[in-house]
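Participant: My file is entry.cif. It has mmCIF, C-alpha atoms and all ligand atoms:
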```cif
data_query
loop_
_atom_site.label_atom_id
_atom_site.label_comp_id
_atom_site.auth_asym_id
_atom_site.auth_seq_id
_atom_site.Cartn_x
_atom_site.Cartn_y
_atom_site.Cartn_z
CA MET C 907 0.00 0.00 0.00
CA GLU C 908 1.22 3.49 -0.78
CA TYR C 909 0.89 6.12 1.95
CA ARG C 910 0.75 9.88 1.56
CA LYS C 911 1.00 12.82 3.90
CA PHE C 912 -2.41 13.99 5.07
CA GLY C 913 -2.24 17.75 4.64
CA PRO C 914 -1.00 19.46 7.80
CA LEU C 915 -1.04 16.31 9.95
CA ASP C 916 1.96 14.29 10.99
CA TRP C 917 0.22 11.19 9.67
CA GLU C 918 0.17 9.26 6.41
CA VAL C 919 -3.00 8.02 4.79
CA SER C 920 -3.31 5.04 2.45
CA ALA C 921 -3.65 6.10 -1.20
CA LEU C 922 -6.93 4.13 -1.30
CA GLY C 923 -9.66 4.91 1.20
CA PHE C 924 -12.80 2.84 1.69
CA GLY C 925 -15.98 4.75 0.81
CA CYS C 926 -18.89 3.15 2.65
CA ALA C 927 -21.76 4.43 0.50
CA ARG C 928 -21.87 1.49 -1.90
CA PHE C 929 -21.78 -1.71 0.11
CA PRO C 930 -23.30 -4.81 -1.51
CA THR C 931 -27.01 -5.07 -0.67
CA VAL C 932 -29.33 -8.03 -0.13
CA ASN C 933 -31.66 -7.05 -2.97
CA GLY C 934 -28.87 -5.81 -5.26
CA VAL C 935 -30.24 -2.26 -5.29
CA GLU C 936 -27.50 0.36 -4.99
CA PHE C 937 -27.58 2.43 -1.76
CA ASP C 938 -30.37 0.22 -0.30
CA PRO C 939 -30.54 0.10 3.52
CA GLY C 940 -30.43 -3.72 3.41
CA ILE C 941 -26.65 -4.14 3.36
CA SER C 942 -25.24 -7.66 2.85
CA GLU C 943 -23.66 -7.34 6.22
CA ALA C 944 -21.28 -10.29 6.41
CA GLU C 945 -19.98 -9.57 2.90
CA ALA C 946 -19.52 -5.86 3.61
CA ILE C 947 -17.68 -6.55 6.86
CA ALA C 948 -15.41 -9.07 5.11
CA MET C 949 -14.64 -6.52 2.36
CA LEU C 950 -13.82 -3.74 4.76
CA ARG C 951 -11.63 -5.97 6.91
CA TYR C 952 -9.85 -7.38 3.84
CA ALA C 953 -8.93 -3.82 2.80
CA ILE C 954 -7.78 -2.88 6.32
CA ASP C 955 -5.71 -6.06 6.60
CA ARG C 956 -3.89 -4.94 3.44
CA GLY C 957 -3.17 -1.43 4.63
CA VAL C 958 -6.23 0.74 3.94
CA ASN C 959 -6.34 3.10 6.93
CA TYR C 960 -9.07 5.61 5.98
CA VAL C 961 -12.77 4.72 6.20
CA ASP C 962 -15.42 7.20 5.07
CA THR C 963 -19.08 6.93 6.03
CA ALA C 964 -22.00 9.32 6.50
CA HIS C 965 -25.31 9.69 8.31
CA ILE C 966 -27.31 9.13 5.12
CA TYR C 967 -25.43 6.26 3.50
CA HIS C 968 -27.59 3.16 3.08
CA GLY C 969 -30.44 4.90 4.91
CA GLY C 970 -28.33 5.22 8.07
CA ASN C 971 -27.16 1.59 8.08
CA SER C 972 -23.67 2.22 6.70
CA GLU C 973 -22.57 3.63 10.06
CA ILE C 974 -23.97 0.58 11.86
CA VAL C 975 -22.18 -1.89 9.59
CA VAL C 976 -18.95 0.11 9.76
CA GLY C 977 -19.25 0.05 13.56
CA LYS C 978 -19.54 -3.74 13.48
CA ALA C 979 -16.68 -4.15 11.00
CA LEU C 980 -14.41 -2.08 13.24
CA GLN C 981 -14.86 -4.39 16.25
CA ASP C 982 -12.22 -7.02 17.12
CA GLY C 983 -9.36 -4.52 17.06
CA TYR C 984 -10.07 -3.01 13.62
CA ARG C 985 -11.07 0.42 14.98
CA ALA C 986 -7.50 1.03 16.16
CA LYS C 987 -6.11 0.24 12.69
CA VAL C 988 -7.93 3.03 10.86
CA ARG C 989 -8.86 6.68 10.98
CA LEU C 990 -12.59 7.03 10.67
CA ALA C 991 -14.42 9.82 8.83
CA ASP C 992 -18.12 10.64 9.28
CA LYS C 993 -20.24 13.62 8.25
CA SER C 994 -22.71 16.04 9.72
CA PRO C 995 -25.92 16.17 7.64
CA ILE C 996 -26.25 19.95 7.54
CA TRP C 997 -29.67 19.78 5.90
CA LEU C 998 -31.12 18.09 9.02
CA LEU C 999 -29.83 20.68 11.48
CA GLU C 1000 -32.43 23.20 12.63
CA LYS C 1001 -30.54 24.59 15.63
CA SER C 1002 -26.94 24.43 16.84
CA GLU C 1003 -27.75 21.78 19.47
CA ASP C 1004 -28.74 19.35 16.69
CA PHE C 1005 -25.05 19.10 15.76
CA ASP C 1006 -24.27 17.43 19.10
CA THR C 1007 -27.37 15.27 19.15
CA ILE C 1008 -26.59 13.85 15.70
CA LEU C 1009 -22.88 13.43 16.41
CA ASP C 1010 -23.60 11.52 19.63
CA GLY C 1011 -26.03 9.24 17.76
CA GLN C 1012 -23.39 8.59 15.11
CA LEU C 1013 -20.79 7.65 17.72
CA ARG C 1014 -23.24 5.18 19.26
CA LYS C 1015 -23.91 3.57 15.87
CA LEU C 1016 -20.20 3.43 15.11
CA GLN C 1017 -19.50 1.94 18.58
CA THR C 1018 -16.67 4.38 19.15
CA ASP C 1019 -16.04 7.39 21.38
CA HIS C 1020 -14.63 9.55 18.59
CA VAL C 1021 -14.36 10.04 14.84
CA ASP C 1022 -10.95 11.09 13.60
CA PHE C 1023 -12.34 13.22 10.80
CA TYR C 1024 -15.70 14.96 10.70
CA LEU C 1025 -17.03 16.63 7.58
CA LEU C 1026 -19.72 19.20 7.09
CA HIS C 1027 -21.50 17.14 4.46
CA GLY C 1028 -22.03 18.33 0.89
CA LEU C 1029 -21.45 22.06 1.35
CA ASP C 1030 -22.77 24.45 -1.28
CA ALA C 1031 -23.55 28.17 -1.20
CA LYS C 1032 -26.85 27.67 0.62
CA SER C 1033 -25.63 25.26 3.29
CA TRP C 1034 -22.48 27.35 3.78
CA THR C 1035 -24.73 30.23 4.85
CA LYS C 1036 -26.49 27.89 7.26
CA VAL C 1037 -23.17 26.71 8.71
CA GLN C 1038 -22.38 30.31 9.59
CA GLU C 1039 -25.87 31.16 10.86
CA LEU C 1040 -25.88 28.17 13.22
CA ASP C 1041 -22.22 28.83 14.13
CA LEU C 1042 -21.35 25.19 13.56
CA PHE C 1043 -17.66 26.03 13.93
CA SER C 1044 -18.21 26.63 17.64
CA CYS C 1045 -20.07 23.32 17.88
CA ALA C 1046 -17.27 21.49 16.06
CA GLU C 1047 -14.54 23.15 18.11
CA LYS C 1048 -16.32 22.11 21.30
CA ALA C 1049 -16.47 18.51 20.02
CA ILE C 1050 -12.78 18.68 19.09
CA ALA C 1051 -11.94 20.01 22.57
CA ASP C 1052 -13.86 17.20 24.32
CA GLY C 1053 -12.35 14.57 22.01
CA ARG C 1054 -15.39 13.40 20.04
CA ILE C 1055 -13.93 14.79 16.79
CA GLY C 1056 -10.31 14.73 15.69
CA HIS C 1057 -10.29 17.16 12.78
CA LEU C 1058 -12.82 19.17 10.83
CA GLY C 1059 -13.25 19.24 7.06
CA PHE C 1060 -16.00 19.51 4.47
CA SER C 1061 -17.28 17.75 1.41
CA PHE C 1062 -18.40 19.83 -1.47
CA HIS C 1063 -20.94 20.17 -4.32
CA ASP C 1064 -21.01 23.60 -5.97
CA THR C 1065 -18.93 25.87 -8.21
CA VAL C 1066 -15.20 26.39 -7.79
CA GLU C 1067 -15.81 30.01 -6.74
CA VAL C 1068 -17.94 28.80 -3.82
CA PHE C 1069 -15.28 26.20 -3.06
CA GLU C 1070 -12.59 28.87 -2.75
CA GLN C 1071 -14.86 30.97 -0.57
CA ILE C 1072 -15.39 28.04 1.80
CA VAL C 1073 -11.67 27.18 1.90
CA ASP C 1074 -10.96 30.79 2.85
CA GLY C 1075 -13.96 31.10 5.17
CA TYR C 1076 -12.49 29.13 8.08
CA ASP C 1077 -8.85 28.98 9.08
CA LYS C 1078 -8.90 25.60 10.83
CA TRP C 1079 -9.96 23.22 8.05
CA THR C 1080 -7.70 20.17 7.99
CA PHE C 1081 -9.09 18.64 4.81
CA CYS C 1082 -11.67 18.83 2.06
CA GLN C 1083 -13.38 16.22 -0.08
CA PHE C 1084 -14.66 16.66 -3.62
CA ILE C 1085 -15.37 14.88 -6.91
CA TYR C 1086 -12.33 14.41 -9.11
CA ASN C 1087 -11.69 12.05 -12.01
CA PHE C 1088 -10.31 12.28 -15.54
CA LEU C 1089 -13.71 13.31 -16.92
CA ASP C 1090 -14.56 15.84 -14.21
CA THR C 1091 -11.63 18.23 -14.10
CA GLU C 1092 -13.74 21.34 -14.69
CA LYS C 1093 -16.79 20.23 -12.69
CA GLN C 1094 -17.37 21.66 -9.19
CA ALA C 1095 -13.97 22.19 -7.47
CA GLY C 1096 -12.06 20.50 -10.30
CA THR C 1097 -8.37 21.01 -11.00
CA ARG C 1098 -8.52 24.67 -9.99
CA GLY C 1099 -9.96 23.73 -6.60
CA LEU C 1100 -7.43 20.93 -6.18
CA LYS C 1101 -4.53 23.34 -6.66
CA TYR C 1102 -6.16 26.01 -4.52
CA ALA C 1103 -6.84 23.81 -1.50
CA ALA C 1104 -3.45 22.10 -1.75
CA ALA C 1105 -1.69 25.48 -1.82
CA LYS C 1106 -3.56 26.38 1.39
CA GLY C 1107 -2.22 23.20 3.01
CA LEU C 1108 -5.47 21.22 3.19
CA ALA C 1109 -5.42 17.47 2.73
CA ILE C 1110 -7.28 16.50 -0.44
CA VAL C 1111 -9.70 13.59 -0.22
CA VAL C 1112 -11.03 12.65 -3.66
CA MET C 1113 -14.45 11.09 -4.10
CA GLU C 1114 -15.91 9.50 -7.22
CA PRO C 1115 -12.55 8.64 -8.82
CA ILE C 1116 -14.44 6.20 -11.09
CA GLN C 1117 -17.33 8.69 -11.41
CA GLY C 1118 -19.45 6.61 -9.08
CA GLY C 1119 -18.85 3.55 -11.29
CA LYS C 1120 -19.98 5.17 -14.55
CA ILE C 1121 -16.46 5.16 -16.00
CA ALA C 1122 -16.42 1.37 -15.61
CA ARG C 1123 -19.78 1.10 -17.45
CA PRO C 1124 -19.12 3.19 -20.58
CA PRO C 1125 -21.58 3.89 -23.39
CA ASP C 1126 -21.01 1.97 -26.65
CA PRO C 1127 -18.79 4.50 -28.51
CA VAL C 1128 -16.48 4.73 -25.49
CA ARG C 1129 -16.54 0.98 -24.91
CA ALA C 1130 -15.39 0.46 -28.51
CA ILE C 1131 -12.33 2.62 -27.87
CA TRP C 1132 -11.47 0.82 -24.64
CA GLU C 1133 -11.80 -2.56 -26.33
CA GLY C 1134 -9.68 -1.51 -29.28
CA ALA C 1135 -6.86 -0.15 -27.11
CA PRO C 1136 -3.97 -2.24 -25.73
CA GLN C 1137 -5.24 -3.73 -22.44
CA THR C 1138 -2.54 -2.39 -20.12
CA ARG C 1139 -4.87 -2.05 -17.12
CA THR C 1140 -8.58 -2.26 -16.44
CA VAL C 1141 -10.71 0.84 -16.99
CA SER C 1142 -11.14 1.37 -13.24
CA ALA C 1143 -7.39 0.94 -12.66
CA LEU C 1144 -6.64 3.62 -15.26
CA ALA C 1145 -9.17 5.97 -13.67
CA LEU C 1146 -7.76 5.46 -10.17
CA GLN C 1147 -4.17 5.87 -11.34
CA TRP C 1148 -5.08 9.12 -13.12
CA VAL C 1149 -6.20 10.48 -9.73
CA TRP C 1150 -3.13 9.17 -7.88
CA ASP C 1151 -0.83 10.75 -10.46
CA HIS C 1152 -1.85 14.11 -8.94
CA ARG C 1153 0.55 14.45 -6.06
CA GLU C 1154 -1.78 16.96 -4.38
CA VAL C 1155 -4.21 14.09 -3.71
CA ALA C 1156 -3.83 12.45 -0.31
CA VAL C 1157 -6.41 9.69 -0.66
CA ALA C 1158 -8.85 8.49 -3.32
CA LEU C 1159 -12.03 7.07 -1.84
CA SER C 1160 -13.65 4.29 -3.79
CA GLY C 1161 -17.06 2.95 -2.84
CA MET C 1162 -16.46 -0.69 -3.68
CA SER C 1163 -19.50 -2.93 -4.02
CA SER C 1164 -17.91 -6.40 -4.27
CA MET C 1165 -14.91 -8.26 -2.90
CA GLN C 1166 -13.48 -8.48 -6.40
CA GLN C 1167 -13.46 -4.68 -6.66
CA VAL C 1168 -11.79 -4.40 -3.26
CA GLU C 1169 -9.10 -6.89 -4.30
CA GLU C 1170 -8.47 -5.05 -7.56
CA ASN C 1171 -8.38 -1.56 -6.09
CA VAL C 1172 -6.19 -2.55 -3.15
CA ALA C 1173 -3.74 -4.17 -5.59
CA CYS C 1174 -3.72 -1.00 -7.72
CA ALA C 1175 -3.10 1.20 -4.68
CA GLY C 1176 -0.08 -0.92 -3.83
CA ALA C 1177 1.54 0.13 -7.10
CA ALA C 1178 0.25 3.71 -7.24
CA HIS C 1179 3.68 5.30 -6.77
CA THR C 1180 5.61 2.90 -8.97
CA ALA C 1181 3.22 2.66 -11.91
CA PRO C 1182 2.16 6.13 -13.08
CA LEU C 1183 0.21 6.29 -16.32
CA THR C 1184 2.33 5.98 -19.44
CA GLU C 1185 2.12 8.62 -22.17
CA ASP C 1186 0.09 6.15 -24.28
CA GLU C 1187 -2.37 5.65 -21.43
CA ARG C 1188 -2.70 9.43 -20.96
CA ALA C 1189 -3.40 9.81 -24.67
CA LEU C 1190 -6.04 7.08 -24.44
CA LEU C 1191 -7.78 8.86 -21.56
CA ARG C 1192 -7.72 12.15 -23.53
CA ARG C 1193 -9.33 10.37 -26.47
CA ILE C 1194 -11.95 8.77 -24.22
CA ARG C 1195 -12.75 12.11 -22.67
CA GLN C 1196 -13.13 13.76 -26.06
CA THR C 1197 -15.49 10.98 -27.13
CA TYR C 1198 -17.62 11.55 -24.02
CA GLU C 1199 -17.72 15.27 -24.79
CA GLU C 1200 -18.95 14.57 -28.31
CA LEU C 1201 -21.77 12.29 -27.17
CA PRO C 1202 -25.31 13.72 -27.16
CA ALA C 1203 -26.07 15.18 -23.72
N1 LIG N 1 -19.58 13.69 0.71
C1 LIG N 1 -20.26 13.55 -0.38
O1 LIG N 1 -21.06 14.41 -0.75
C2 LIG N 1 -20.01 12.31 -1.16
C3 LIG N 1 -20.55 12.13 -2.44
C4 LIG N 1 -20.19 11.01 -3.15
C5 LIG N 1 -19.35 10.08 -2.56
N2 LIG N 1 -18.85 10.24 -1.31
C6 LIG N 1 -17.92 9.28 -0.66
O2 LIG N 1 -16.88 9.00 -1.55
C7 LIG N 1 -16.83 7.60 -1.76
C8 LIG N 1 -16.28 7.36 -3.13
O3 LIG N 1 -17.20 7.78 -4.14
P1 LIG N 1 -17.78 6.69 -5.08
O4 LIG N 1 -18.31 5.55 -4.28
O5 LIG N 1 -18.69 7.38 -6.03
O6 LIG N 1 -16.42 6.18 -5.81
P2 LIG N 1 -16.14 5.53 -7.21
O7 LIG N 1 -14.95 4.66 -7.00
O8 LIG N 1 -16.07 6.57 -8.26
O9 LIG N 1 -17.42 4.65 -7.54
C9 LIG N 1 -17.66 3.43 -6.90
C10 LIG N 1 -18.26 2.48 -7.89
O10 LIG N 1 -17.31 2.27 -8.93
C11 LIG N 1 -17.36 0.94 -9.36
N3 LIG N 1 -16.06 0.30 -9.09
C12 LIG N 1 -15.23 0.49 -8.02
N4 LIG N 1 -14.13 -0.28 -8.17
C13 LIG N 1 -14.27 -0.98 -9.31
C14 LIG N 1 -13.48 -1.93 -9.98
N5 LIG N 1 -12.31 -2.35 -9.51
N6 LIG N 1 -13.95 -2.44 -11.16
C15 LIG N 1 -15.13 -2.04 -11.67
N7 LIG N 1 -15.93 -1.14 -11.08
C16 LIG N 1 -15.50 -0.60 -9.90
C17 LIG N 1 -18.48 0.26 -8.58
O11 LIG N 1 -19.67 0.40 -9.35
P3 LIG N 1 -20.77 -0.77 -9.34
O12 LIG N 1 -21.22 -0.89 -7.92
O13 LIG N 1 -21.82 -0.25 -10.27
O14 LIG N 1 -20.08 -2.01 -9.84
C18 LIG N 1 -18.56 1.11 -7.33
O15 LIG N 1 -19.81 1.06 -6.71
C19 LIG N 1 -18.27 7.12 -1.51
O16 LIG N 1 -18.35 5.75 -1.31
C20 LIG N 1 -18.58 7.95 -0.30
O17 LIG N 1 -17.97 7.37 0.83
C21 LIG N 1 -19.15 11.35 -0.63
#
```
Would you mind giving the structure from this file in structure tokens?

Facilitator:
Amino acid sequence: MEYRKFGPLDWEVSALGFGCARFPTVNGVEFDPGISEAEAIAMLRYAIDRGVNYVDTAHIYHGGNSEIVVGKALQDGYRAKVRLADKSPIWLLEKSEDFDTILDGQLRKLQTDHVDFYLLHGLDAKSWTKVQELDLFSCAEKAIADGRIGHLGFSFHDTVEVFEQIVDGYDKWTFCQFIYNFLDTEKQAGTRGLKYAAAKGLAIVVMEPIQGGKIARPPDPVRAIWEGAPQTRTVSALALQWVWDHREVAVALSGMSSMQQVEENVACAGAAHTAPLTEDERALLRRIRQTYEELPA
């Protein structure tokens, strides 16, 4: 496993983090609350046993059941092997006290007395205003002081201008999380946001490196290009490596939905520093991207 410095912290994170929004489900429906629990626990523990040390969950994932399954997976000594990230569902907060009530409920579900990283979930211009109105920074700082939270960050869904405003709007962010993959370099924070936050010293946590799985399920014109190209790596391996080739990135979160995906992605992360994309692979990704851009909307 490759490890990278996590922003301002004296700690190194595994290049691959486990996103817990896409566990396998009993009925096969993505995001369903009915998680295939034994399978999900085995997947998470397999990844941790091979060096993954960052686990990302949220209040809303799998209808609230992701936190419960993560809590179970992290029993038997696994909690001490990872740093755990969870998120405050800003849209549910009506008053400042709700921050504490929800955080305490999350800790109970996770069967732990603290989360190492806590994110204000899915910030955009509107929720950023709410964060300030409810003075959630004071709430978070109190939780940091009493040990329930290690470090504060945010995940993000809005324009890069809003992103920069949020980065500059609080001087104690440790990290930020946003969508980044070879197709989405201009979307939301994008490459500009990546450089901006990195220059400010924040750790960069990338989500949707495989565009939520869509890159691995391409439309026909794109599939034809993949199939005609030399098969140096799988599509998902190319997409992950493209993210890791950005040295600003601390960790790429992948929401793996089967053991096979966990095995593949963990193996890729082990070679992330020794196997950057070749010039031919970069050219292939540029061609793929252009083909996507030419597709009807
Ligand atoms: N804070 C936020 O607002 C927010 C938003 C989005 C995500 N997140 C977090 O970020 C994490 C990562 O985002 P993501 O789950 O969208 O990541 P992703 O890696 O882009 O997408 C995950 C999907 O990619 C496919 N995949 C993964 N590995 C594969 C492999 N080796 N071969 C083929 N397909 C593969 C699977 O799709 P199939 O299941 O279809 O096979 C999997 O469900 C989430 O799990 C969540 O923890 C946070």

Participant: Please provide as number ranges by chain all residues within 10 Å of Ala1103 (chain C), with the sequence filter that same-chain residues fewer than 3 positions apart are discarded (counting all atoms listed in the file).

Facilitator: C: 913, 1069-1070, 1073-1074, 1081-1082, 1095, 1098-1100, 1106-1110, 1154

Participant: Counting only C-alpha atoms, which of C:Glu1185, C:Glu943, C:Glu1170, C:Asp1019 gets nearest to Arg956 (chain C)?

Facilitator: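 Among C:Glu1185, C:Glu943, C:Glu1170, C:Asp1019, it is C:Glu1170 that comes nearest to Arg956 (chain C).
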
Participant: With all atoms of region 1102-1115 of chain C from the file as input, state the centre and edge lengths in Å to one decimal of the axis-aligned box that has 6 Å extra on each side, as lines of an AutoDock Vina configuration file.

Facilitator:
```
center_x = -8.8
center_y = 17.5
center_z = -2.8
size_x = 26.2
size_y = 29.7
size_z = 24.0
```

Participant: Please determine the residues with any atom at most 8 Å from (-15.8, 6.1, 3.5) (coordinates as given in the file, with all atoms listed in the file counting) and report them as a VMD selection string.

Facilitator: chain C and resid 923 to 927 960 to 964 990 to 992 1159 to 1161

Participant: Take the residues from that selection and write them out as an mmCIF file, in the frame of the given file, keeping C-alpha atoms.

Facilitator:
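Final output, saved to part.cif:
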```
data_model
loop_
_atom_site.group_PDB
_atom_site.id
_atom_site.type_symbol
_atom_site.label_atom_id
_atom_site.label_comp_id
_atom_site.auth_asym_id
_atom_site.auth_seq_id
_atom_site.Cartn_x
_atom_site.Cartn_y
_atom_site.Cartn_z
ATOM 1 C CA GLY C 923 -9.660 4.910 1.200
ATOM 2 C CA PHE C 924 -12.800 2.840 1.690
ATOM 3 C CA GLY C 925 -15.980 4.750 0.810
ATOM 4 C CA CYS C 926 -18.890 3.150 2.650
ATOM 5 C CA ALA C 927 -21.760 4.430 0.500
ATOM 6 C CA TYR C 960 -9.070 5.610 5.980
ATOM 7 C CA VAL C 961 -12.770 4.720 6.200
ATOM 8 C CA ASP C 962 -15.420 7.200 5.070
ATOM 9 C CA THR C 963 -19.080 6.930 6.030
ATOM 10 C CA ALA C 964 -22.000 9.320 6.500
ATOM 11 C CA LEU C 990 -12.590 7.030 10.670
ATOM 12 C CA ALA C 991 -14.420 9.820 8.830
ATOM 13 C CA ASP C 992 -18.120 10.640 9.280
ATOM 14 C CA LEU C 1159 -12.030 7.070 -1.840
ATOM 15 C CA SER C 1160 -13.650 4.290 -3.790
ATOM 16 C CA GLY C 1161 -17.060 2.950 -2.840
#
```

Participant: Step by step, measure atom-to-atom distances between ligand LIG 1 (chain N) and each residue using only C-alpha atoms and all ligand atoms, keep those at most 7 Å, then write them as a compact mmCIF listing (two decimals) with C-alpha atoms, keeping the file's coordinate frame.

Facilitator:
```txt
# COMPACT_ATOMS: atom_id res chain seq x y z
CA PHE C 924 -12.80 2.84 1.69
CA GLY C 925 -15.98 4.75 0.81
CA CYS C 926 -18.89 3.15 2.65
CA ALA C 927 -21.76 4.43 0.50
CA ARG C 928 -21.87 1.49 -1.90
CA ASP C 962 -15.42 7.20 5.07
CA THR C 963 -19.08 6.93 6.03
CA HIS C 1027 -21.50 17.14 4.46
CA GLY C 1028 -22.03 18.33 0.89
CA SER C 1061 -17.28 17.75 1.41
CA PHE C 1062 -18.40 19.83 -1.47
CA HIS C 1063 -20.94 20.17 -4.32
CA GLN C 1083 -13.38 16.22 -0.08
CA MET C 1113 -14.45 11.09 -4.10
CA GLU C 1114 -15.91 9.50 -7.22
CA PRO C 1115 -12.55 8.64 -8.82
CA ILE C 1116 -14.44 6.20 -11.09
CA GLN C 1117 -17.33 8.69 -11.41
CA GLY C 1118 -19.45 6.61 -9.08
CA GLY C 1119 -18.85 3.55 -11.29
CA LYS C 1120 -19.98 5.17 -14.55
CA ALA C 1122 -16.42 1.37 -15.61
CA SER C 1142 -11.14 1.37 -13.24
CA ALA C 1143 -7.39 0.94 -12.66
CA LEU C 1159 -12.03 7.07 -1.84
CA SER C 1160 -13.65 4.29 -3.79
CA GLY C 1161 -17.06 2.95 -2.84
CA MET C 1162 -16.46 -0.69 -3.68
CA SER C 1163 -19.50 -2.93 -4.02
CA GLN C 1166 -13.48 -8.48 -6.40
CA GLN C 1167 -13.46 -4.68 -6.66
CA VAL C 1168 -11.79 -4.40 -3.26
CA GLU C 1170 -8.47 -5.05 -7.56
CA ASN C 1171 -8.38 -1.56 -6.09
```

Participant: I'd like to know which of C:Phe1060, C:Trp1148, C:Tyr1198, C:Tyr1024 is closest to Tyr1076 (chain C), using only C-alpha atoms.

Facilitator: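 Among the listed residues, C:Phe1060 lies closest to Tyr1076 (chain C).
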
Participant: How far is it from CA of Gly1053 (chain C) to CA of Arg951 (chain C), in Å with one decimal?

Facilitator: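 Pair CA of Gly1053 (chain C) / CA of Arg951 (chain C) returns 25.5 Å.
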
Participant: Please write as a PyMOL selection string the list of polymer residues whose atoms come within 10 Å of (-23.4, -2.5, 12.5), counting only C-alpha atoms and keeping to the coordinates of the file.

Facilitator: chain C and resi 941+943+947+971-981+1015-1017

Participant: For Asp1151 (chain C), work out the shell of residues within 10 Å, counting all atoms listed in the file and skipping chain neighbours fewer than 4 positions away, then give it as an MDAnalysis selection string.

Facilitator: chainID C and resid 1146:1147 1155 1178:1179 1181:1183

Participant: Between CA of Tyr909 (chain C) and CA of Ala948 (chain C), what is the distance, to one decimal in Å?

Facilitator: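 CA of Ala948 (chain C) lies at a distance of 22.5 Å from CA of Tyr909 (chain C).
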
Participant: Report, in Å to a single decimal, how far apart CA of Leu1026 (chain C) and CA of Ile996 (chain C) are.

Facilitator: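 Between these atoms lies a distance of 6.6 Å.
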
Participant: Mind checking which residues fall within 12 Å of region 1043-1049 of chain C, counting all atoms listed in the file, ignoring those fewer than 4 positions away in the same chain, and posting them as an NGL selection string?

Facilitator: :C and (993-994 or 999 or 1001-1010 or 1013 or 1019-1026 or 1034 or 1036-1039 or 1053-1060 or 1075-1079)

Participant: Please determine, counting only C-alpha atoms, which residue among C:Gly1134, C:His968, C:Leu922, C:Met949 has the shortest atom-to-atom distance to Val935 (chain C).

Facilitator: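 Counting only C-alpha atoms, the residue closest to Val935 (chain C) is C:His968.
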
Participant: Which residue gives the smallest distance to Val1111 (chain C) among C:Ile1194, C:Val919, C:Leu1042, C:Val958, with only C-alpha atoms counted?

Facilitator: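 Going through C:Ile1194, C:Val919, C:Leu1042, C:Val958 one by one, the smallest distance to Val1111 (chain C) is for C:Val919.
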
Participant: Return the single residue from C:Gly969, C:Ala1173, C:Tyr952, C:Ser920 that is closest to Gly940 (chain C), with distances computed using all atoms listed in the file.

Facilitator: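 Going through C:Gly969, C:Ala1173, C:Tyr952, C:Ser920 one by one, the smallest distance to Gly940 (chain C) is for C:Gly969.
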